[in-house]
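Participant: Sharing protein38.cif, mmCIF, C-alpha atoms:
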data_upload
loop_
_atom_site.label_atom_id
_atom_site.label_comp_id
_atom_site.auth_asym_id
_atom_site.auth_seq_id
_atom_site.Cartn_x
_atom_site.Cartn_y
_atom_site.Cartn_z
CA MET A 205 -23.80 -11.62 -6.59
CA ILE A 206 -23.64 -9.50 -3.45
CA GLU A 207 -24.75 -5.87 -3.30
CA LYS A 208 -22.18 -3.25 -4.23
CA LYS A 209 -19.60 -2.85 -1.50
CA ARG A 210 -16.14 -1.52 -0.65
CA ILE A 211 -13.89 -4.57 -0.38
CA VAL A 212 -10.29 -4.97 0.79
CA VAL A 213 -8.50 -8.15 -0.35
CA LYS A 214 -5.31 -9.36 1.32
CA ILE A 215 -2.88 -11.76 -0.37
CA GLY A 216 0.05 -13.39 1.45
CA SER A 217 3.52 -14.23 0.16
CA SER A 218 2.84 -17.97 0.18
CA LEU A 219 0.12 -17.50 -2.45
CA LEU A 220 2.17 -15.25 -4.70
CA ALA A 221 5.61 -16.88 -4.57
CA ASN A 222 6.70 -20.48 -4.96
CA SER A 223 8.33 -21.41 -1.64
CA ASP A 224 11.14 -23.44 -3.26
CA ARG A 225 12.05 -21.37 -6.33
CA LEU A 226 10.87 -18.00 -4.94
CA THR A 227 9.24 -17.18 -8.29
CA LEU A 228 5.80 -15.78 -9.02
CA ARG A 229 2.76 -18.04 -9.24
CA TYR A 230 1.25 -16.52 -12.37
CA ALA A 231 -1.70 -18.93 -12.47
CA PHE A 232 -2.92 -17.64 -9.10
CA MET A 233 -2.32 -14.00 -10.08
CA ASN A 234 -4.36 -14.48 -13.24
CA GLY A 235 -7.32 -15.96 -11.35
CA LEU A 236 -7.10 -13.20 -8.75
CA MET A 237 -6.96 -10.36 -11.27
CA SER A 238 -9.82 -11.85 -13.25
CA ASP A 239 -11.99 -11.82 -10.14
CA LEU A 240 -10.89 -8.32 -9.10
CA ALA A 241 -11.64 -6.95 -12.57
CA GLN A 242 -15.11 -8.51 -12.50
CA LEU A 243 -15.84 -7.11 -9.04
CA GLN A 244 -14.81 -3.64 -10.21
CA LYS A 245 -17.03 -3.90 -13.30
CA GLU A 246 -19.94 -4.73 -11.01
CA GLY A 247 -19.39 -1.42 -9.23
CA HIS A 248 -17.45 -2.48 -6.14
CA ASP A 249 -14.57 -0.36 -4.82
CA ILE A 250 -11.62 -2.73 -4.47
CA ILE A 251 -8.26 -2.46 -2.70
CA LEU A 252 -5.59 -5.16 -2.82
CA THR A 253 -3.02 -5.44 -0.02
CA SER A 254 -0.23 -7.66 -1.21
CA SER A 255 2.87 -9.21 0.29
CA GLY A 256 5.55 -10.78 -1.89
CA SER A 257 8.28 -8.22 -2.55
CA VAL A 258 10.75 -9.73 -0.06
CA ALA A 259 10.17 -13.31 -1.23
CA LEU A 260 10.67 -12.35 -4.88
CA GLY A 261 13.82 -10.33 -4.21
CA LEU A 262 15.68 -12.94 -2.15
CA ASN A 263 16.90 -14.76 -5.27
CA MET A 264 18.55 -11.58 -6.53
CA ILE A 265 20.65 -11.21 -3.37
CA GLY A 266 21.35 -14.94 -3.05
CA LYS A 267 19.48 -15.55 0.20
CA ARG A 268 16.89 -18.02 1.46
CA PRO A 269 14.01 -16.91 3.74
CA GLU A 270 15.37 -18.85 6.71
CA ASP A 271 18.84 -17.24 6.38
CA ALA A 272 17.83 -13.64 5.66
CA GLY A 273 18.38 -10.94 8.27
CA ILE A 274 16.63 -7.58 8.44
CA LEU A 275 19.14 -5.89 6.08
CA ASP A 276 18.83 -8.77 3.61
CA LYS A 277 15.04 -8.44 3.66
CA GLN A 278 15.22 -4.68 3.12
CA ALA A 279 17.48 -5.19 0.11
CA ALA A 280 15.27 -8.03 -1.16
CA ALA A 281 12.20 -5.80 -0.90
CA ALA A 282 13.90 -3.11 -2.97
CA CYS A 283 14.68 -5.75 -5.63
CA GLY A 284 11.38 -7.58 -5.48
CA GLN A 285 8.88 -4.69 -5.42
CA PRO A 286 9.44 -3.69 -9.09
CA LEU A 287 9.13 -7.35 -10.12
CA LEU A 288 5.89 -7.71 -8.19
CA MET A 289 4.27 -4.54 -9.54
CA ASN A 290 5.39 -5.26 -13.10
CA ALA A 291 3.77 -8.69 -12.87
CA TYR A 292 0.57 -7.23 -11.43
CA ARG A 293 0.42 -4.61 -14.17
CA GLN A 294 0.97 -7.15 -16.93
CA VAL A 295 -1.65 -9.58 -15.64
CA ALA A 296 -4.12 -6.78 -14.81
CA SER A 297 -3.86 -5.35 -18.33
CA GLU A 298 -5.04 -8.68 -19.73
CA HIS A 299 -8.28 -8.10 -17.82
CA GLU A 300 -8.56 -4.38 -18.68
CA LEU A 301 -7.77 -3.42 -15.10
CA GLU A 302 -5.66 -0.38 -14.18
CA VAL A 303 -3.51 -0.61 -11.04
CA ALA A 304 -1.59 1.82 -8.82
CA GLN A 305 1.14 1.16 -6.25
CA MET A 306 0.97 2.49 -2.70
CA LEU A 307 3.85 1.75 -0.30
CA VAL A 308 3.26 2.64 3.35
CA THR A 309 5.07 2.35 6.68
CA VAL A 310 3.75 1.93 10.19
CA GLU A 311 4.37 5.63 10.82
CA ASP A 312 2.14 6.50 7.86
CA MET A 313 -0.70 4.49 9.36
CA GLU A 314 -0.24 5.74 12.95
CA ASP A 315 0.14 9.44 12.11
CA ARG A 316 -3.33 10.96 11.76
CA ARG A 317 -2.43 13.42 8.99
CA ARG A 318 -0.60 10.86 6.85
CA PHE A 319 -3.40 8.37 7.46
CA LEU A 320 -5.96 10.81 6.05
CA ASN A 321 -3.71 11.72 3.11
CA ILE A 322 -3.47 8.06 2.13
CA LYS A 323 -7.24 7.73 2.42
CA ASN A 324 -7.77 10.74 0.14
CA THR A 325 -5.43 9.24 -2.47
CA MET A 326 -7.36 5.97 -2.42
CA MET A 327 -10.67 7.78 -2.84
CA ARG A 328 -9.36 9.55 -5.93
CA LEU A 329 -8.18 6.22 -7.35
CA PHE A 330 -11.68 4.79 -6.78
CA GLU A 331 -13.17 7.70 -8.70
CA ASN A 332 -10.99 6.78 -11.68
CA ASP A 333 -11.63 3.00 -11.52
CA ILE A 334 -8.02 2.27 -10.59
CA LEU A 335 -7.13 -0.60 -8.25
CA PRO A 336 -4.78 0.48 -5.40
CA ILE A 337 -2.22 -2.21 -4.56
CA VAL A 338 -0.93 -1.57 -1.03
CA ASN A 339 2.17 -3.06 0.55
CA GLU A 340 4.38 -2.20 3.48
CA ASN A 341 7.51 -0.33 2.41
CA ASP A 342 9.81 -3.14 3.56
CA SER A 343 12.92 -1.54 2.08
CA VAL A 344 12.85 1.16 4.77
CA ALA A 345 11.03 -0.70 7.56
CA THR A 346 13.06 -1.93 10.54
CA ARG A 347 12.46 -4.58 13.17
CA ASP A 348 11.09 -1.98 15.57
CA LEU A 349 9.23 0.28 13.13
CA ARG A 350 7.19 -1.94 10.83
CA VAL A 351 3.64 -3.11 10.43
CA GLY A 352 5.02 -6.63 10.79
CA ASP A 353 2.36 -8.37 8.75
CA ASN A 354 0.05 -7.44 5.93
CA ASP A 355 -2.92 -9.00 7.72
CA ARG A 356 -3.13 -6.14 10.19
CA LEU A 357 -2.13 -3.68 7.45
CA SER A 358 -5.14 -4.83 5.44
CA ALA A 359 -7.36 -4.27 8.49
CA LYS A 360 -5.97 -0.75 8.91
CA VAL A 361 -6.72 -0.08 5.24
CA ALA A 362 -10.25 -1.46 5.68
CA GLN A 363 -10.71 0.85 8.64
CA MET A 364 -9.27 3.76 6.66
CA VAL A 365 -11.68 3.52 3.72
CA GLN A 366 -14.62 2.34 5.87
CA ALA A 367 -14.79 -0.94 3.98
CA ASP A 368 -17.75 -3.29 4.18
CA LEU A 369 -15.72 -6.47 3.74
CA LEU A 370 -12.15 -7.68 4.30
CA ILE A 371 -11.19 -10.89 2.49
CA ILE A 372 -7.97 -12.57 3.65
CA LEU A 373 -6.81 -15.32 1.30
CA THR A 374 -4.40 -17.80 2.84
CA SER A 375 -3.07 -21.36 2.46
CA VAL A 376 -5.85 -23.00 4.52
CA GLU A 377 -9.63 -23.05 4.21
CA GLY A 378 -10.19 -20.86 7.24
CA LEU A 379 -10.05 -21.09 11.01
CA PHE A 380 -9.90 -24.39 12.89
CA ASP A 381 -10.11 -24.92 16.64
CA ARG A 382 -6.54 -26.29 16.54
CA ASP A 383 -3.77 -27.03 14.06
CA PRO A 384 -5.59 -28.13 10.86
CA ALA A 385 -3.03 -30.94 10.49
CA ASP A 386 -4.66 -32.56 13.53
CA PRO A 387 -7.27 -35.06 12.26
CA GLU A 388 -9.59 -34.02 15.09
CA ALA A 389 -9.43 -30.32 14.18
CA VAL A 390 -12.89 -28.77 13.80
CA PHE A 391 -13.56 -26.13 11.15
CA ILE A 392 -15.16 -22.89 12.38
CA PRO A 393 -17.42 -21.36 9.72
CA GLU A 394 -18.52 -18.32 11.72
CA LEU A 395 -17.49 -16.49 14.87
CA GLU A 396 -18.19 -13.33 16.82
CA ASP A 397 -15.61 -13.27 19.63
CA VAL A 398 -12.14 -13.42 18.05
CA SER A 399 -10.36 -13.50 21.44
CA GLU A 400 -11.73 -16.99 22.14
CA HIS A 401 -9.59 -18.45 19.35
CA LEU A 402 -6.26 -16.67 19.79
CA GLU A 403 -4.53 -19.52 21.66
CA SER A 404 -5.01 -21.99 18.78
CA THR A 405 -3.52 -19.71 16.11
CA THR A 406 0.23 -19.50 16.71
CA SER A 407 1.75 -21.16 13.61
CA ILE A 408 3.54 -19.05 10.96
CA GLY A 409 4.16 -19.92 7.31
CA ALA A 410 7.60 -20.23 5.74
CA LEU A 411 7.39 -17.06 3.63
CA GLY A 412 5.06 -14.89 5.71
CA THR A 413 5.58 -12.77 8.81
CA GLY A 414 2.17 -13.62 10.23
CA GLY A 415 0.06 -16.71 10.75
CA MET A 416 -3.55 -17.30 11.76
CA LEU A 417 -2.92 -15.28 14.93
CA THR A 418 -2.38 -12.08 12.94
CA LYS A 419 -5.44 -12.90 10.85
CA MET A 420 -7.52 -13.08 14.03
CA GLN A 421 -6.01 -9.79 15.19
CA ALA A 422 -6.87 -8.28 11.81
CA ALA A 423 -10.42 -9.61 12.06
CA ASN A 424 -10.78 -8.00 15.47
CA MET A 425 -9.54 -4.66 14.11
CA ALA A 426 -11.96 -4.92 11.19
CA GLN A 427 -14.86 -5.86 13.50
CA ASN A 428 -14.23 -2.76 15.58
CA ALA A 429 -14.40 -0.69 12.39
CA GLY A 430 -17.74 -2.21 11.34
CA CYS A 431 -16.15 -4.38 8.65
CA GLU A 432 -16.88 -8.10 8.24
CA THR A 433 -13.91 -10.40 7.61
CA ILE A 434 -13.72 -13.55 5.50
CA ILE A 435 -10.74 -15.92 5.79
CA ALA A 436 -10.52 -18.41 2.92
CA GLU A 437 -8.09 -20.53 0.96
CA GLY A 438 -6.40 -18.80 -1.96
CA ILE A 439 -7.29 -21.26 -4.71
CA ILE A 440 -6.14 -20.69 -8.29
CA GLU A 441 -9.48 -20.55 -10.10
CA ARG A 442 -11.97 -17.85 -9.01
CA PRO A 443 -10.43 -17.35 -5.54
CA LEU A 444 -12.82 -14.51 -4.65
CA SER A 445 -16.03 -15.09 -6.59
CA SER A 446 -16.28 -18.68 -5.39
CA VAL A 447 -16.31 -17.37 -1.81
CA LEU A 448 -18.70 -14.49 -2.43
CA ASN A 449 -21.11 -16.90 -4.15
CA ASN A 450 -20.84 -19.38 -1.25
CA GLU A 451 -19.50 -22.14 -3.48
CA ARG A 452 -16.95 -23.35 -0.92
CA ARG A 453 -16.41 -23.10 2.82
CA TYR A 454 -14.63 -20.26 4.61
CA THR A 455 -14.59 -18.56 8.01
CA ARG A 456 -16.73 -15.45 8.47
CA CYS A 457 -15.95 -13.04 11.33
CA LEU A 458 -19.09 -11.07 12.07
CA VAL A 459 -19.44 -7.44 13.08
CA THR A 460 -20.85 -7.06 16.57
CA GLY A 461 -21.98 -4.07 18.59
CA VAL A 462 -22.18 -0.43 17.58
CA THR A 463 -19.40 0.95 15.40
CA ALA A 464 -17.59 3.95 16.89
CA SER A 465 -16.64 7.16 15.09
CA PRO A 466 -13.71 7.07 12.59
CA LEU A 467 -11.46 8.85 15.12
CA LYS A 468 -12.29 6.39 17.91
CA ILE A 469 -11.73 3.46 15.54
CA TRP A 470 -8.34 4.88 14.58
CA LEU A 471 -7.48 5.23 18.27
CA SER A 472 -8.48 1.66 19.06
CA ASN A 473 -6.58 -0.17 16.30
CA ARG A 474 -2.86 0.35 16.86
CA LEU A 475 0.05 -1.29 15.05
CA GLN A 476 2.68 -0.10 17.51
CA VAL A 477 2.83 1.55 20.92
CA SER A 478 4.18 5.10 20.89
CA GLY A 479 4.09 5.44 24.65
CA THR A 480 2.27 4.48 27.82
CA LEU A 481 1.04 6.12 31.01
CA VAL A 482 0.26 4.54 34.36
CA VAL A 483 -2.36 6.22 36.54
CA SER A 484 -3.85 5.28 39.90
CA ASN A 485 -6.73 2.82 40.00
CA GLU A 486 -9.01 5.58 41.23
CA VAL A 487 -8.15 7.86 38.30
CA ALA A 488 -8.38 4.93 35.88
CA ASP A 489 -11.92 4.14 37.05
CA SER A 490 -12.95 7.77 36.67
CA VAL A 491 -11.50 8.04 33.16
CA ALA A 492 -13.01 4.71 32.12
CA ALA A 493 -16.39 5.97 33.28
CA GLY A 494 -16.01 8.85 30.84
CA VAL A 495 -16.17 11.57 33.47
CA SER A 496 -12.65 13.03 33.34
CA SER A 497 -9.54 13.81 31.35
CA ILE A 498 -6.03 12.71 32.38
CA GLY A 499 -4.15 15.52 34.07
CA ILE A 500 -0.45 15.89 34.78
CA CYS A 501 -1.00 15.19 38.47
CA ASP A 502 -2.71 11.88 37.61
CA VAL A 503 0.36 10.35 35.98
CA ILE A 504 2.41 7.90 38.08
CA SER A 505 4.87 6.81 35.38
CA ILE A 506 5.47 7.04 31.64
CA GLN A 507 7.21 4.86 29.07
CA GLY A 508 8.29 5.59 25.51
CA ASP A 509 9.64 8.48 23.46
CA PHE A 510 6.45 10.06 22.14
CA THR A 511 5.53 13.38 20.57
CA LYS A 512 2.46 15.61 20.75
CA GLY A 513 -0.45 14.00 18.92
CA ASP A 514 0.73 10.40 19.43
CA VAL A 515 -1.66 7.79 20.80
CA LEU A 516 -0.81 6.73 24.37
CA HIS A 517 -1.93 3.52 26.05
CA VAL A 518 -3.08 4.13 29.62
CA TYR A 519 -2.86 1.46 32.34
CA ASN A 520 -3.98 1.27 35.93
CA GLU A 521 -1.67 0.24 38.77
CA ASP A 522 -2.63 -3.42 38.25
CA GLY A 523 -1.27 -3.40 34.68
CA ASP A 524 -4.68 -3.43 32.96
CA GLU A 525 -5.01 -1.28 29.85
CA ILE A 526 -7.96 1.05 30.41
CA VAL A 527 -8.04 3.67 27.67
CA ARG A 528 -6.11 5.05 24.68
CA GLY A 529 -5.92 8.67 23.73
CA LEU A 530 -4.14 11.49 21.89
CA THR A 531 -1.51 13.20 24.01
CA ASN A 532 -1.27 16.99 24.20
CA PHE A 533 2.43 16.82 25.13
CA SER A 534 5.62 15.04 24.18
CA SER A 535 7.25 12.62 26.62
CA GLU A 536 9.85 15.24 27.54
CA GLU A 537 7.19 17.89 28.17
CA THR A 538 5.16 15.44 30.24
CA MET A 539 8.13 14.74 32.48
CA LEU A 540 8.92 18.44 32.90
CA LEU A 541 5.32 19.26 33.80
CA ALA A 542 5.06 16.33 36.24
CA ARG A 543 8.17 17.50 38.07
CA ASN A 544 6.92 21.09 38.26
CA LEU A 545 3.29 20.74 39.28
CA ASP A 546 3.31 24.05 41.16
CA MET A 547 4.21 26.05 38.02
CA PRO A 548 1.85 27.19 35.21
CA VAL A 549 2.03 25.01 32.10
CA GLU A 550 3.07 27.95 29.92
CA ASP A 551 6.04 28.75 32.18
CA VAL A 552 7.31 25.17 32.03
CA ILE A 553 7.07 24.39 28.31
CA GLY A 554 7.14 27.89 26.84
CA TYR A 555 3.73 28.09 25.15
CA LYS A 556 0.06 28.22 26.12
CA THR A 557 -1.94 25.00 25.67
CA LYS A 558 -4.38 22.68 27.42
CA SER A 559 -3.21 21.50 30.82
CA ASN A 560 -4.38 17.89 30.44
CA VAL A 561 -2.07 15.20 29.13
CA ILE A 562 -5.07 13.63 27.36
CA SER A 563 -8.35 15.50 26.97
CA ALA A 564 -11.64 13.66 27.52
CA GLU A 565 -12.80 14.14 23.93
CA ASN A 566 -9.67 12.38 22.66
CA ILE A 567 -10.00 9.28 24.85
CA LEU A 568 -11.24 5.85 23.77
CA VAL A 569 -12.38 3.60 26.61
CA LEU A 570 -11.40 0.00 25.82
CA GLU A 571 -14.23 -2.52 25.76
CA GLU A 572 -14.21 -6.31 25.79
CA LYS A 573 -14.22 -6.38 21.96
CA HIS A 574 -10.86 -4.57 21.84
CA LEU A 575 -7.68 -6.64 22.15
CA SER A 576 -5.61 -4.95 24.87
CA LEU A 577 -1.82 -4.81 24.96
CA ASP A 578 0.30 -5.89 27.94
CA ALA A 579 1.78 -3.15 30.06
CA PRO A 580 5.56 -2.59 29.72
CA GLU A 581 7.89 -4.18 32.23
CA ASP A 582 8.76 -2.09 35.29
CA ASP A 583 12.37 -1.60 34.16
CA GLN A 584 11.08 0.04 30.95
CA LYS A 585 9.08 2.70 32.79
CA LEU A 586 10.23 6.09 33.90
CA VAL A 587 8.69 6.62 37.34
CA ILE A 588 7.86 10.20 38.20
CA PRO A 589 9.13 11.11 41.69
CA LEU A 590 6.55 12.60 43.99
#
Would you mind writing the file's structure down as C-alpha cells?
Facilitator:
Amino acid sequence: MIEKKRIVVKIGSSLLANSDRLTLRYAFMNGLMSDLAQLQKEGHDIILTSSGSVALGLNMIGKRPEDAGILDKQAAAACGQPLLMNAYRQVASEHELEVAQMLVTVEDMEDRRRFLNIKNTMMRLFENDILPIVNENDSVATRDLRVGDNDRLSAKVAQMVQADLLIILTSVEGLFDRDPADPEAVFIPELEDVSEHLESTTSIGALGTGGMLTKMQAANMAQNAGCETIIAEGIIERPLSSVLNNERRYTRCLVTGVTASPLKIWLSNRLQVSGTLVVSNEVADSVAAGVSSIGICDVISIQGDFTKGDVLHVYNEDGDEIVRGLTNFSSEETMLLARNLDMPVEDVIGYKTKSNVISAENILVLEEKHLSLDAPEDDQKLVIPL
C-alpha cells in the first residue's frame, strides 16, 4: 500500500444513483465505504466529495433530470440530501466509519475567511477520525452563484487541505484522446499538460453537471496546488484500493513545477469571476514582471460588482489575462477614485487606506500551467472616461 497521505475522493451522481429509477446504488456505496474505512485505518486523512442529492430528490418532486429547471433542482436537493447522508451513515456504520456532512457554496470557497473556517473544521474532523462528506449546497445555489460541478469543488477541497492525492471516480476508465465510444480512441495513462486535452473532453453525463472537461479543469487546479490527480472508473468492488495497488488502468495527472504558497494557490484557482480590470499593455507587462502594483490611474475599464477583498482578474488591452489579485476597493470605490484622480483617496472614499487597487504582494502572475479565463465582452465593461 502507498505511504500515508491526505486523499480527497470525488464521486459523481452517475455512480451513486441509478439513471432510470433515480435510486441509490447501494452495492457501489458499500464497496466505496469499505475502501474508505480501510484507508482511514491505515492512517490516511480522507475527504469524500459527493454529488447525488439532486438526482435522489427528483423522484420526490415528480421530475426527470432532463425536465428539471433550477427551482426544481433546488427543491430536489433539499429532498435528496437527507436521503443521501442517511444512506452514507448507514453504510459507513457497517464498516465502523464515522461521517460528517459539510455543505458549501461557491461564496464559501471564494471568500478567504470562510475558506479557512471550512479548512479548520476539516482538520478537527481528521483529528477525531471522522470522514467529512462535502457537497455543494444545491438547495440555495443558483445558476449564477454555484460551483457548477463537484469535480472542481473536489479540487478546491484538495487545495484547501493541501492534499497529496485527488481521486475522481467516474463512469469511464480515464482519459482518452477522443470520445471513448470511438473504436480508434487511445487511452492516456499519464499526462503533465492538461490544456493539451481540453478539446477532446466536452461530453456530459445524463445525471451530472460536468463531464471530462471539468475533470481536466479539476486536475489542473490540483496540479497547481501540488496535488496529483487520478481519474478512474468507479467499479463496485474495491473502487479505490484496486487503483492505489495498480490492479487496473487509470489516468494519472502529474504535478509539475514548483508549488506556490497557499495564498497564491487560492488566488489562482477560481470557481467564479467576481470582477475584472483592463490595464494598458505597458502596465500589464510591468505587473507581470513583478515590479509594480496596480494603481487607480492604471485602470482603463472594470467589469463586475465586487467588494473589497475579492479576487479580480486583470487583462491587458489585447484581452489576455495577465494576473489575479485581491482588490483593496469595491467596484463602486474603484469607479469613484478613477473619476477623481486629483483628489486624495481618503477624501474620495471617506477612510484612509492603501492607494493601489491591487498591491504587489497580493498579485499572482499567471503562468502557462494556469488555465486563463476569457475577458468579458466589451458591452459588459464599464469604461472609465479619461
Participant: Name the closest residue to Ala436 of chain A among the candidates A:Val213, A:Ile265, A:Leu329, A:Leu516; distances are taken between atoms, counting only C-alpha atoms.
Facilitator: A:Val213
Participant: I would like the residues chosen by the PyMOL selection byres ((chain A and resi 234) around 9) on the shown file; could you give them as a count of residues only?
Facilitator: 17
Participant: Evaluate the PyMOL selection byres ((chain A and resi 460) around 7) on the structure here and hand back the selected residues as a list of chain:residue names.
Facilitator: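 Here the PyMOL selection byres ((chain A and resi 460) around 7) matches A:Glu396, A:Gln427, A:Leu458, A:Val459, A:Gly461, A:Val462.
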Participant: State, in Å with one decimal place, the distance from atom CA of Val447 of chain A to atom CA of Arg356 of chain A.
Facilitator: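 Those two atoms sit 21.1 Å apart.
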Participant: Rank A:Ser358, A:Ser446, A:Ser484, A:Thr418 by their smallest atom-to-atom distance to Ile211 of chain A, using only C-alpha atoms, and report the top residue only.
Facilitator: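 Once distances to Ile211 of chain A are computed over only C-alpha atoms, the minimum belongs to A:Ser358.
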Participant: Measuring between only C-alpha atoms, which one of A:Ile500, A:Ala280, A:Val491, A:Ala291 shows the shortest distance to Val258 of chain A?
Facilitator: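 Checking each of A:Ile500, A:Ala280, A:Val491, A:Ala291 against Val258 of chain A, counting only C-alpha atoms, the winner is A:Ala280.
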Participant: Neighbourhood query: residues within 8 Å of (-18.7, -20.3, 12.8), file coordinates, counting only C-alpha atoms; return as a list in words.
Facilitator: Phe391, Ile392, Pro393, Glu394, Leu395, Thr455, Arg456 and Cys457 of chain A
Participant: Please, what distance in Å, to one decimal, runs between atom CA of Ser223 of chain A and atom CA of Leu243 of chain A?
Facilitator: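 These atoms are spaced 29.0 Å apart.
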Participant: To verify the selection step, state as a count of residues only which residues the PyMOL selection byres ((chain A and resi 370) around 12) yields on this input.
Facilitator: 51
Participant: So what do you get for atom CA of Ser257 of chain A versus atom CA of Leu417 of chain A, distance-wise?
Facilitator: 21.9 Å
Participant: Identify which of the residues A:Asn263, A:Ser496, A:Asn449, A:Thr531 lies closest to Arg225 of chain A, counting only C-alpha atoms when measuring atom-to-atom distances.
Facilitator: A:Asn263
Participant: Write out as a PyMOL selection string which residues come within 7 Å of Gly438 of chain A when counting all atoms listed in the file, dropping same-chain ones fewer than 5 positions away.
Facilitator: chain A and resi 219+373-375+443
Participant: For those residues, write C-alpha atoms to a file as a CSV table (one decimal), in the coordinates of the input.
Facilitator:
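The resulting file, result16.csv, is reproduced below:
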chain,number,residue,atom,x,y,z
A,219,LEU,CA,0.1,-17.5,-2.4
A,373,LEU,CA,-6.8,-15.3,1.3
A,374,THR,CA,-4.4,-17.8,2.8
A,375,SER,CA,-3.1,-21.4,2.5
A,443,PRO,CA,-10.4,-17.4,-5.5
Participant: Between A:Asp509, A:Glu571, A:Glu565, A:Asp271, which residue has the minimum interatomic distance to Ile526 of chain A, considering all atoms listed in the file?
Facilitator: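 Checking each of A:Asp509, A:Glu571, A:Glu565, A:Asp271 against Ile526 of chain A, counting all atoms listed in the file, the winner is A:Glu571.
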Participant: So, with only C-alpha atoms as the atoms that count, which of A:Gln305, A:Ser343, A:Asn428, A:Asn354 lies closest to Leu275 of chain A?
Facilitator: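 Checking each candidate against Leu275 of chain A, we get A:Ser343 as the closest.
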